[in-house]
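Next comes query.cif, with mmCIF, C-alpha atoms and all ligand atoms.
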data_final
#
loop_
_atom_site.label_atom_id
_atom_site.label_comp_id
_atom_site.auth_asym_id
_atom_site.auth_seq_id
_atom_site.Cartn_x
_atom_site.Cartn_y
_atom_site.Cartn_z
CA MET A 1 -22.13 -62.62 -137.33
CA ASN A 2 -21.02 -59.72 -135.22
CA PRO A 3 -19.79 -60.52 -131.71
CA ASN A 4 -22.57 -58.55 -129.98
CA THR A 5 -25.17 -60.66 -131.72
CA LEU A 6 -23.33 -63.86 -130.80
CA ILE A 7 -23.12 -63.05 -127.12
CA ASP A 8 -26.81 -62.09 -127.11
CA LEU A 9 -27.51 -65.42 -128.79
CA ALA A 10 -25.52 -67.27 -126.10
CA CYS A 11 -27.07 -65.38 -123.19
CA GLY A 12 -30.58 -65.98 -124.54
CA MET A 13 -30.11 -69.73 -125.02
CA PRO A 14 -32.12 -72.06 -122.79
CA LYS A 15 -29.52 -74.00 -120.84
CA ALA A 16 -28.71 -76.07 -117.79
CA GLU A 17 -26.29 -75.25 -114.99
CA LEU A 18 -24.60 -78.34 -113.53
CA HIS A 19 -22.01 -76.89 -111.18
CA VAL A 20 -23.12 -74.34 -108.64
CA HIS A 21 -22.68 -74.47 -104.85
CA ILE A 22 -25.72 -73.02 -103.12
CA GLU A 23 -23.50 -71.66 -100.34
CA GLY A 24 -21.49 -69.93 -103.07
CA THR A 25 -24.54 -67.94 -104.17
CA LEU A 26 -24.69 -66.05 -100.85
CA GLU A 27 -24.46 -62.39 -101.89
CA PRO A 28 -23.06 -59.93 -99.31
CA GLU A 29 -26.44 -58.16 -99.12
CA LEU A 30 -28.21 -61.39 -98.17
CA ALA A 31 -25.40 -62.38 -95.78
CA PHE A 32 -25.89 -59.14 -93.84
CA ALA A 33 -29.69 -59.43 -93.98
CA LEU A 34 -29.58 -62.98 -92.58
CA ALA A 35 -27.04 -61.99 -89.93
CA ARG A 36 -29.38 -59.19 -88.79
CA ARG A 37 -32.37 -61.54 -88.82
CA ASN A 38 -30.47 -64.09 -86.72
CA GLY A 39 -28.96 -61.56 -84.32
CA GLN A 40 -25.40 -62.20 -85.43
CA THR A 41 -22.56 -59.85 -86.23
CA LEU A 42 -20.31 -60.57 -89.19
CA PRO A 43 -16.59 -59.79 -88.82
CA TYR A 44 -16.92 -57.11 -91.56
CA ALA A 45 -18.20 -53.56 -91.08
CA ASP A 46 -20.47 -53.64 -94.12
CA GLU A 47 -21.10 -55.21 -97.52
CA ALA A 48 -18.32 -53.26 -99.19
CA ALA A 49 -15.81 -54.45 -96.56
CA LEU A 50 -16.90 -58.05 -97.12
CA LYS A 51 -16.62 -57.66 -100.90
CA ALA A 52 -13.15 -56.21 -100.46
CA ALA A 53 -12.14 -59.53 -98.88
CA TYR A 54 -12.92 -61.36 -102.15
CA ASP A 55 -9.30 -61.22 -103.16
CA PHE A 56 -8.27 -64.86 -103.46
CA ASP A 57 -4.93 -66.38 -104.41
CA SER A 58 -5.94 -70.05 -104.21
CA LEU A 59 -8.89 -72.36 -103.66
CA GLN A 60 -8.10 -72.52 -99.92
CA SER A 61 -8.08 -68.74 -99.50
CA PHE A 62 -11.59 -68.68 -100.97
CA LEU A 63 -12.85 -71.67 -98.96
CA ASP A 64 -11.83 -70.04 -95.67
CA LEU A 65 -14.13 -67.07 -96.36
CA TYR A 66 -16.87 -69.20 -97.93
CA TYR A 67 -17.17 -71.41 -94.84
CA ALA A 68 -17.08 -68.38 -92.51
CA CYS A 69 -19.91 -66.62 -94.38
CA ALA A 70 -22.04 -69.79 -94.37
CA ASP A 71 -22.42 -69.25 -90.61
CA VAL A 72 -25.29 -66.83 -91.27
CA LEU A 73 -27.38 -69.73 -92.61
CA ARG A 74 -29.30 -70.98 -89.58
CA THR A 75 -32.97 -71.68 -90.28
CA ALA A 76 -34.92 -73.46 -93.00
CA ASP A 77 -36.14 -70.02 -94.15
CA ASP A 78 -32.51 -68.89 -94.56
CA PHE A 79 -31.82 -71.82 -96.90
CA ARG A 80 -35.09 -71.20 -98.74
CA ASP A 81 -34.29 -67.52 -99.25
CA LEU A 82 -30.79 -68.37 -100.44
CA MET A 83 -32.17 -70.86 -102.97
CA LEU A 84 -34.81 -68.42 -104.23
CA ALA A 85 -32.24 -65.64 -104.69
CA TYR A 86 -30.09 -67.98 -106.79
CA LEU A 87 -32.99 -69.35 -108.85
CA GLU A 88 -34.22 -65.84 -109.67
CA ARG A 89 -30.80 -64.94 -111.08
CA ALA A 90 -30.42 -68.25 -112.89
CA ALA A 91 -33.85 -67.92 -114.49
CA ALA A 92 -32.94 -64.38 -115.62
CA ASP A 93 -29.95 -65.96 -117.42
CA ASN A 94 -32.29 -68.41 -119.17
CA VAL A 95 -31.21 -71.38 -117.09
CA ILE A 96 -34.14 -73.79 -117.27
CA HIS A 97 -32.60 -76.64 -115.28
CA THR A 98 -30.01 -76.55 -112.50
CA GLU A 99 -28.25 -79.22 -110.44
CA ILE A 100 -27.20 -77.62 -107.19
CA PHE A 101 -24.50 -78.70 -104.76
CA PHE A 102 -24.99 -78.32 -101.03
CA ASP A 103 -22.46 -78.98 -98.26
CA PRO A 104 -24.39 -80.38 -95.26
CA GLN A 105 -21.24 -80.85 -93.19
CA THR A 106 -20.66 -77.09 -93.19
CA HIS A 107 -23.99 -76.74 -91.40
CA THR A 108 -24.33 -79.87 -89.26
CA ALA A 109 -20.89 -79.11 -87.76
CA ARG A 110 -22.47 -75.86 -86.43
CA GLY A 111 -25.43 -77.71 -84.94
CA ILE A 112 -27.88 -77.05 -87.79
CA PRO A 113 -29.92 -80.24 -88.33
CA PHE A 114 -29.54 -81.94 -91.71
CA LEU A 115 -33.31 -81.78 -92.21
CA THR A 116 -33.40 -77.99 -91.66
CA VAL A 117 -30.98 -77.61 -94.59
CA LEU A 118 -32.83 -80.06 -96.82
CA ASP A 119 -36.31 -78.72 -96.01
CA GLY A 120 -35.24 -75.14 -96.66
CA LEU A 121 -33.49 -75.87 -99.95
CA GLU A 122 -36.42 -77.95 -101.17
CA ALA A 123 -38.93 -75.25 -100.23
CA GLY A 124 -36.87 -72.83 -102.35
CA LEU A 125 -36.80 -75.27 -105.26
CA ARG A 126 -40.58 -75.71 -105.12
CA GLU A 127 -41.21 -71.98 -105.00
CA GLY A 128 -38.67 -71.31 -107.76
CA LYS A 129 -40.37 -73.86 -109.99
CA ALA A 130 -43.75 -72.23 -109.36
CA ARG A 131 -42.45 -68.67 -109.93
CA TRP A 132 -40.04 -69.10 -112.84
CA GLY A 133 -40.67 -72.62 -114.17
CA ILE A 134 -37.05 -73.54 -113.42
CA SER A 135 -36.30 -77.18 -112.64
CA GLY A 136 -33.76 -78.02 -109.93
CA ARG A 137 -32.09 -81.03 -108.36
CA LEU A 138 -29.94 -81.36 -105.26
CA ILE A 139 -26.48 -82.96 -105.13
CA LEU A 140 -25.12 -83.60 -101.64
CA CYS A 141 -21.37 -82.91 -101.51
CA PHE A 142 -18.96 -84.41 -99.03
CA LEU A 143 -16.15 -82.14 -97.84
CA ARG A 144 -12.94 -83.85 -98.85
CA HIS A 145 -10.81 -82.15 -96.19
CA LEU A 146 -12.85 -84.11 -93.62
CA SER A 147 -12.44 -87.84 -92.97
CA GLU A 148 -14.01 -90.87 -94.59
CA GLU A 149 -15.66 -91.58 -91.24
CA GLU A 150 -17.29 -88.13 -91.20
CA ALA A 151 -18.51 -88.63 -94.77
CA PHE A 152 -20.07 -91.96 -93.77
CA ALA A 153 -21.76 -90.27 -90.79
CA THR A 154 -23.22 -87.62 -93.12
CA LEU A 155 -24.40 -90.29 -95.55
CA ALA A 156 -26.13 -92.09 -92.66
CA GLU A 157 -27.92 -88.82 -91.77
CA ALA A 158 -28.99 -88.41 -95.38
CA GLU A 159 -30.19 -91.96 -96.00
CA PRO A 160 -33.67 -91.55 -94.45
CA TYR A 161 -34.25 -88.79 -97.04
CA ILE A 162 -32.53 -90.51 -99.95
CA ASP A 163 -35.52 -90.01 -102.26
CA ARG A 164 -35.06 -86.24 -101.87
CA ILE A 165 -31.39 -86.32 -102.95
CA ASP A 166 -30.54 -86.59 -106.63
CA GLY A 167 -26.83 -87.37 -106.47
CA PHE A 168 -23.61 -87.09 -104.49
CA GLY A 169 -20.48 -85.03 -105.04
CA LEU A 170 -17.07 -84.27 -103.60
CA ASP A 171 -15.76 -80.76 -103.02
CA SER A 172 -13.54 -78.53 -100.81
CA SER A 173 -9.72 -78.56 -100.59
CA GLU A 174 -8.50 -80.73 -103.46
CA LYS A 175 -4.74 -80.85 -102.99
CA GLY A 176 -3.74 -83.69 -100.68
CA ASN A 177 -7.29 -85.07 -100.57
CA PRO A 178 -7.45 -87.48 -103.52
CA PRO A 179 -10.67 -89.16 -104.64
CA SER A 180 -9.27 -92.50 -103.37
CA LYS A 181 -9.94 -91.28 -99.80
CA PHE A 182 -13.69 -91.63 -100.49
CA GLU A 183 -13.78 -94.80 -102.60
CA ARG A 184 -15.89 -96.74 -100.08
CA VAL A 185 -18.26 -93.84 -99.39
CA PHE A 186 -18.96 -93.42 -103.09
CA ALA A 187 -19.46 -97.18 -103.53
CA ARG A 188 -22.25 -96.88 -100.96
CA CYS A 189 -23.74 -93.83 -102.74
CA ARG A 190 -23.80 -95.76 -106.01
CA ALA A 191 -25.33 -98.79 -104.26
CA LEU A 192 -28.14 -96.45 -103.18
CA GLY A 193 -28.81 -95.95 -106.88
CA LYS A 194 -27.54 -92.36 -107.10
CA PRO A 195 -25.25 -90.79 -109.70
CA VAL A 196 -22.01 -89.40 -108.32
CA VAL A 197 -19.68 -86.58 -109.40
CA ALA A 198 -16.41 -85.23 -108.06
CA HIS A 199 -14.34 -82.07 -108.26
CA ALA A 200 -11.04 -83.12 -109.83
CA GLY A 201 -8.31 -81.45 -111.82
CA GLU A 202 -9.19 -77.96 -110.56
CA GLU A 203 -6.03 -77.40 -108.50
CA GLY A 204 -5.19 -81.10 -108.25
CA PRO A 205 -3.29 -83.13 -110.87
CA PRO A 206 -4.82 -85.00 -113.84
CA ALA A 207 -4.28 -88.27 -111.90
CA TYR A 208 -7.15 -87.16 -109.62
CA ILE A 209 -9.43 -87.10 -112.70
CA SER A 210 -8.51 -90.72 -113.46
CA GLU A 211 -9.10 -91.67 -109.82
CA ALA A 212 -12.50 -89.97 -109.80
CA LEU A 213 -13.51 -92.03 -112.83
CA ASP A 214 -11.90 -95.33 -111.83
CA LEU A 215 -12.41 -95.37 -108.06
CA LEU A 216 -15.52 -93.24 -107.53
CA GLY A 217 -17.45 -93.98 -110.75
CA SER A 218 -17.86 -90.24 -111.32
CA ALA A 219 -20.43 -89.57 -114.04
CA ARG A 220 -19.03 -86.08 -114.66
CA ILE A 221 -15.85 -84.30 -113.66
CA ASP A 222 -16.31 -80.96 -111.92
CA HIS A 223 -13.69 -78.60 -113.40
CA GLY A 224 -11.22 -81.08 -114.97
CA VAL A 225 -9.39 -78.14 -116.51
CA ARG A 226 -5.93 -79.51 -115.67
CA ALA A 227 -6.66 -82.59 -117.86
CA LEU A 228 -4.60 -81.05 -120.67
CA GLU A 229 -1.42 -81.73 -118.69
CA ASP A 230 -1.88 -85.43 -119.52
CA ALA A 231 -2.75 -86.29 -123.13
CA ALA A 232 -3.90 -89.78 -122.12
CA VAL A 233 -6.42 -88.32 -119.68
CA VAL A 234 -7.80 -85.97 -122.36
CA ALA A 235 -8.02 -88.85 -124.85
CA ARG A 236 -9.98 -90.88 -122.32
CA LEU A 237 -12.37 -88.03 -121.47
CA VAL A 238 -13.08 -87.60 -125.19
CA ARG A 239 -13.37 -91.34 -125.91
CA GLU A 240 -15.75 -91.93 -123.01
CA GLY A 241 -17.69 -88.68 -123.51
CA VAL A 242 -17.17 -87.68 -119.86
CA PRO A 243 -18.80 -84.29 -119.26
CA LEU A 244 -16.64 -81.57 -117.70
CA THR A 245 -18.43 -78.90 -115.66
CA VAL A 246 -16.06 -76.01 -116.33
CA CYS A 247 -16.33 -72.77 -114.33
CA PRO A 248 -14.35 -70.09 -116.18
CA LEU A 249 -14.64 -67.08 -113.83
CA SER A 250 -13.95 -69.31 -110.83
CA ASN A 251 -10.71 -70.52 -112.40
CA ILE A 252 -9.55 -66.96 -113.00
CA ARG A 253 -10.56 -65.70 -109.53
CA LEU A 254 -8.80 -68.65 -107.85
CA CYS A 255 -5.68 -68.18 -110.00
CA VAL A 256 -5.87 -71.53 -111.79
CA PHE A 257 -5.22 -69.45 -114.94
CA GLU A 258 -3.98 -65.89 -115.09
CA GLU A 259 -6.12 -64.71 -117.98
CA MET A 260 -9.22 -66.07 -119.66
CA ASN A 261 -7.39 -66.47 -122.95
CA GLN A 262 -5.05 -68.94 -121.20
CA HIS A 263 -7.97 -71.06 -120.01
CA THR A 264 -7.88 -74.63 -121.33
CA LEU A 265 -11.59 -74.80 -122.15
CA GLY A 266 -11.07 -73.75 -125.78
CA LYS A 267 -8.51 -76.50 -126.39
CA LEU A 268 -10.60 -79.08 -124.51
CA LEU A 269 -13.60 -78.23 -126.71
CA ALA A 270 -11.49 -78.34 -129.85
CA ASP A 271 -10.17 -81.75 -128.81
CA GLY A 272 -13.76 -83.00 -128.55
CA ALA A 273 -14.29 -82.99 -124.77
CA LYS A 274 -17.90 -82.62 -123.56
CA VAL A 275 -17.45 -79.20 -121.95
CA THR A 276 -20.26 -77.40 -120.10
CA LEU A 277 -20.08 -73.87 -118.67
CA ASN A 278 -21.08 -73.09 -115.09
CA SER A 279 -20.75 -70.45 -112.37
CA ASP A 280 -19.45 -72.46 -109.33
CA ASP A 281 -19.73 -69.79 -106.58
CA PRO A 282 -21.21 -66.83 -108.46
CA ALA A 283 -21.53 -64.47 -105.48
CA TYR A 284 -17.77 -64.69 -104.90
CA PHE A 285 -16.37 -64.97 -108.42
CA GLY A 286 -17.85 -62.01 -110.25
CA GLY A 287 -20.92 -63.39 -111.83
CA TYR A 288 -23.67 -65.82 -112.68
CA LEU A 289 -23.87 -68.06 -115.72
CA ASN A 290 -24.30 -65.41 -118.41
CA ASP A 291 -21.42 -63.40 -116.89
CA ASN A 292 -19.28 -66.50 -117.44
CA LEU A 293 -20.52 -66.73 -121.04
CA ARG A 294 -19.63 -63.07 -121.64
CA ALA A 295 -16.12 -63.53 -120.24
CA VAL A 296 -15.60 -66.64 -122.37
CA GLN A 297 -16.89 -64.94 -125.52
CA SER A 298 -14.55 -61.98 -125.01
CA ALA A 299 -11.59 -64.35 -124.88
CA PHE A 300 -12.58 -67.02 -127.43
CA ASN A 301 -15.12 -65.46 -129.82
CA PHE A 302 -17.02 -68.75 -130.30
CA ASP A 303 -19.33 -69.19 -133.27
CA ALA A 304 -23.04 -70.06 -133.07
CA ALA A 305 -22.37 -73.79 -133.53
CA THR A 306 -20.05 -73.83 -130.50
CA TRP A 307 -22.64 -72.05 -128.34
CA TYR A 308 -25.24 -74.54 -129.48
CA ARG A 309 -22.89 -77.41 -128.58
CA LEU A 310 -22.22 -75.98 -125.11
CA ALA A 311 -25.93 -75.59 -124.32
CA ARG A 312 -26.74 -79.01 -125.73
CA ASN A 313 -23.93 -80.55 -123.66
CA SER A 314 -25.44 -79.00 -120.54
CA PHE A 315 -28.72 -80.83 -121.11
CA GLU A 316 -27.15 -84.10 -122.25
CA ALA A 317 -24.82 -84.19 -119.22
CA SER A 318 -27.62 -83.53 -116.72
CA PHE A 319 -29.19 -86.12 -114.42
CA ALA A 320 -32.65 -85.40 -115.79
CA THR A 321 -34.79 -88.09 -117.44
CA GLU A 322 -34.37 -88.80 -121.15
CA ALA A 323 -37.83 -87.30 -121.75
CA GLU A 324 -36.89 -84.06 -119.95
CA LYS A 325 -33.63 -83.82 -121.90
CA ALA A 326 -35.42 -84.38 -125.23
CA GLY A 327 -37.92 -81.63 -124.38
CA TRP A 328 -35.19 -79.14 -123.46
CA ILE A 329 -33.12 -79.94 -126.54
CA ALA A 330 -36.20 -79.39 -128.71
CA ARG A 331 -36.56 -75.96 -127.05
CA LEU A 332 -32.92 -75.24 -127.76
CA ASP A 333 -33.30 -76.28 -131.40
CA ALA A 334 -36.38 -74.06 -131.77
CA TYR A 335 -34.47 -71.14 -130.21
CA PHE A 336 -31.60 -71.48 -132.70
CA ARG A 337 -33.99 -71.94 -135.64
CA ALA A 338 -35.85 -68.78 -134.67
CA ALA A 339 -32.50 -66.94 -134.44
CA GLY A 340 -31.64 -68.02 -138.00
CA HIS A 341 -29.27 -70.84 -137.01
CA PRO A 342 -30.91 -74.19 -137.72
CA LEU A 343 -28.30 -76.29 -135.88
CA GLY A 344 -30.25 -79.09 -134.17
N1 LIG A 401 -16.62 -75.56 -102.77
C1 LIG A 401 -17.18 -74.47 -103.29
N2 LIG A 401 -16.54 -74.10 -104.40
C2 LIG A 401 -15.55 -75.00 -104.62
C3 LIG A 401 -14.57 -75.17 -105.60
N3 LIG A 401 -14.44 -74.32 -106.63
N4 LIG A 401 -13.73 -76.20 -105.49
C4 LIG A 401 -13.84 -77.04 -104.46
N5 LIG A 401 -14.74 -76.94 -103.51
C5 LIG A 401 -15.62 -75.92 -103.58
ZN ZN A 402 -17.24 -76.25 -107.44
#
Before we go any further, please render this structure as structure tokens.
Ligand code: ADE
Ligand code: ZN
Amino acid sequence: MNPNTLIDLACGMPKAELHVHIEGTLEPELAFALARRNGQTLPYADEAALKAAYDFDSLQSFLDLYYACADVLRTADDFRDLMLAYLERAAADNVIHTEIFFDPQTHTARGIPFLTVLDGLEAGLREGKARWGISGRLILCFLRHLSEEEAFATLAEAEPYIDRIDGFGLDSSEKGNPPSKFERVFARCRALGKPVVAHAGEEGPPAYISEALDLLGSARIDHGVRALEDAAVVARLVREGVPLTVCPLSNIRLCVFEEMNQHTLGKLLADGAKVTLNSDDPAYFGGYLNDNLRAVQSAFNFDAATWYRLARNSFEASFATEAEKAGWIARLDAYFRAAGHPLG
């Protein structure tokens, strides 16, 4: 099959996105529009000047800008508009289910009430479902550069609304902030009956992946791309079928790998790891989910069976019900059959 046809096949697949930070979908145009609406001035002359600052050499250099830009998010309508803008782009990429991270501490620290964030994001999810049929869930992330005590305080704020939260995660500056720091917080999240995930092995060592599994009970590993540095960690991920939410363009833009053809996702897939592809912070990293698929295909030239496997993994690794997953996988199978690839 010629490569153009294969990338069209991949882009057209129904799929799930399991690793996207809603604050990371804030496009410069929307940032300036919200700043105007809220009577703020951004420390950049215009959208082009802001975009020019997207020149990162590490996770921290990105996070500094990401947290600064989040300051334009003030009202429930701001969060709703942000969610709708993301869902419109995701739906255009044939994402039919998405599990979205949000960072309440970034907002509550600025005096924005937790409920303003949650109400706004949920309003966006409801409207997105009505407009594009896309299904979405919310994963509350704790910022790992903050303390255990601050994470517990955030969890206490979230608990009255626990039925509106679908899981918990751990993000922000990885190096020096091991999963062990949040062992007790995550025990409480699990006791509340929620699945948990953690960023690990993005910039941090493979030992953080083991900690996330052993100490936090992480159901998936966000990134996990440094696993290959420890064969025992890879063997475990494969044996236990732990999903990895890999974000290829993010890893290039944050200098985890120099070039896409050096990315470990090809080897992880070949070794049998349950890899999924995701966009992480698409407004900052050069593209949404299908842009990630295009970059991966240019470097790895995957066949139809690999694309099928990646899409199927995205559904299987989701926190949806078994009935929802079965329905989506049937859609995926029908899509491949119609394209002349009966792979299901
Ligand atoms: N927050 C937003 N994007 C992140 C990433 N790639 N790693 C850790 N924390 C994040
Ligand atoms: Zn992330």
TODO: Find the spatial neighbours of segment 52-54 of chain A, counting all atoms listed in the file, within a cut-off of 9 Å - ignore same-chain residues fewer than 2 positions away - and output them as JSON, numbers by chain.
DONE: {"A": [47, 48, 49, 50, 56, 62, 65, 253, 284, 285]}
Could I get the residue neighbourhood of ligand ZN 402 (chain A) at 9 Å, counting all atoms listed in the file, as a compact mmCIF listing (two decimals) with C-alpha atoms, keeping the file's coordinate frame?
# COMPACT_ATOMS: atom_id res chain seq x y z
CA HIS A 19 -22.01 -76.89 -111.18
CA VAL A 20 -23.12 -74.34 -108.64
CA HIS A 21 -22.68 -74.47 -104.85
CA GLY A 24 -21.49 -69.93 -103.07
CA PHE A 101 -24.50 -78.70 -104.76
CA LEU A 170 -17.07 -84.27 -103.60
CA ASP A 171 -15.76 -80.76 -103.02
CA SER A 172 -13.54 -78.53 -100.81
CA HIS A 199 -14.34 -82.07 -108.26
CA GLU A 202 -9.19 -77.96 -110.56
CA ASP A 222 -16.31 -80.96 -111.92
CA HIS A 223 -13.69 -78.60 -113.40
CA THR A 245 -18.43 -78.90 -115.66
CA VAL A 246 -16.06 -76.01 -116.33
CA CYS A 247 -16.33 -72.77 -114.33
CA SER A 250 -13.95 -69.31 -110.83
CA SER A 279 -20.75 -70.45 -112.37
CA ASP A 280 -19.45 -72.46 -109.33
CA ASP A 281 -19.73 -69.79 -106.58
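Atom CA of Ala31 of chain A sits 29.0 Å away from atom CA of Thr276 of chain A.
Taking only C-alpha atoms into account, Gln105 of chain A lies nearest to A:Glu23 out of the set A:Asp166, A:Glu183, A:Glu23, A:Asp333.
The gap separating atom CA of Lys267 of chain A from atom CA of Glu229 of chain A is 11.7 Å, in Å to one decimal.
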Open item on the list: Between atom CA of Ser298 of chain A and atom CA of Glu174 of chain A, what distance in Å does the model show, to one decimal?
Closed with: 29.2 Å
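Among A:Gly111, A:Gly120, A:Pro243, A:Pro104, the residue with the shortest atom-to-atom distance to ligand LIG 401 (chain A), counting all atoms listed in the file, is A:Pro104.
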Open item on the list: Counting only C-alpha atoms, which residues sit no farther than 10 Å from the position (-30.3, -82.9, -115.5) in the file's frame? I'd like them as a PyMOL selection string.
Closed with: chain A and resi 16-18+97-99+135-137+166+314-322+324-325
Task: Residue among A:Gln262, A:Val185, A:Leu115, A:Tyr86 lying closest to Glu148 of chain A, counting only C-alpha atoms - done: A:Val185
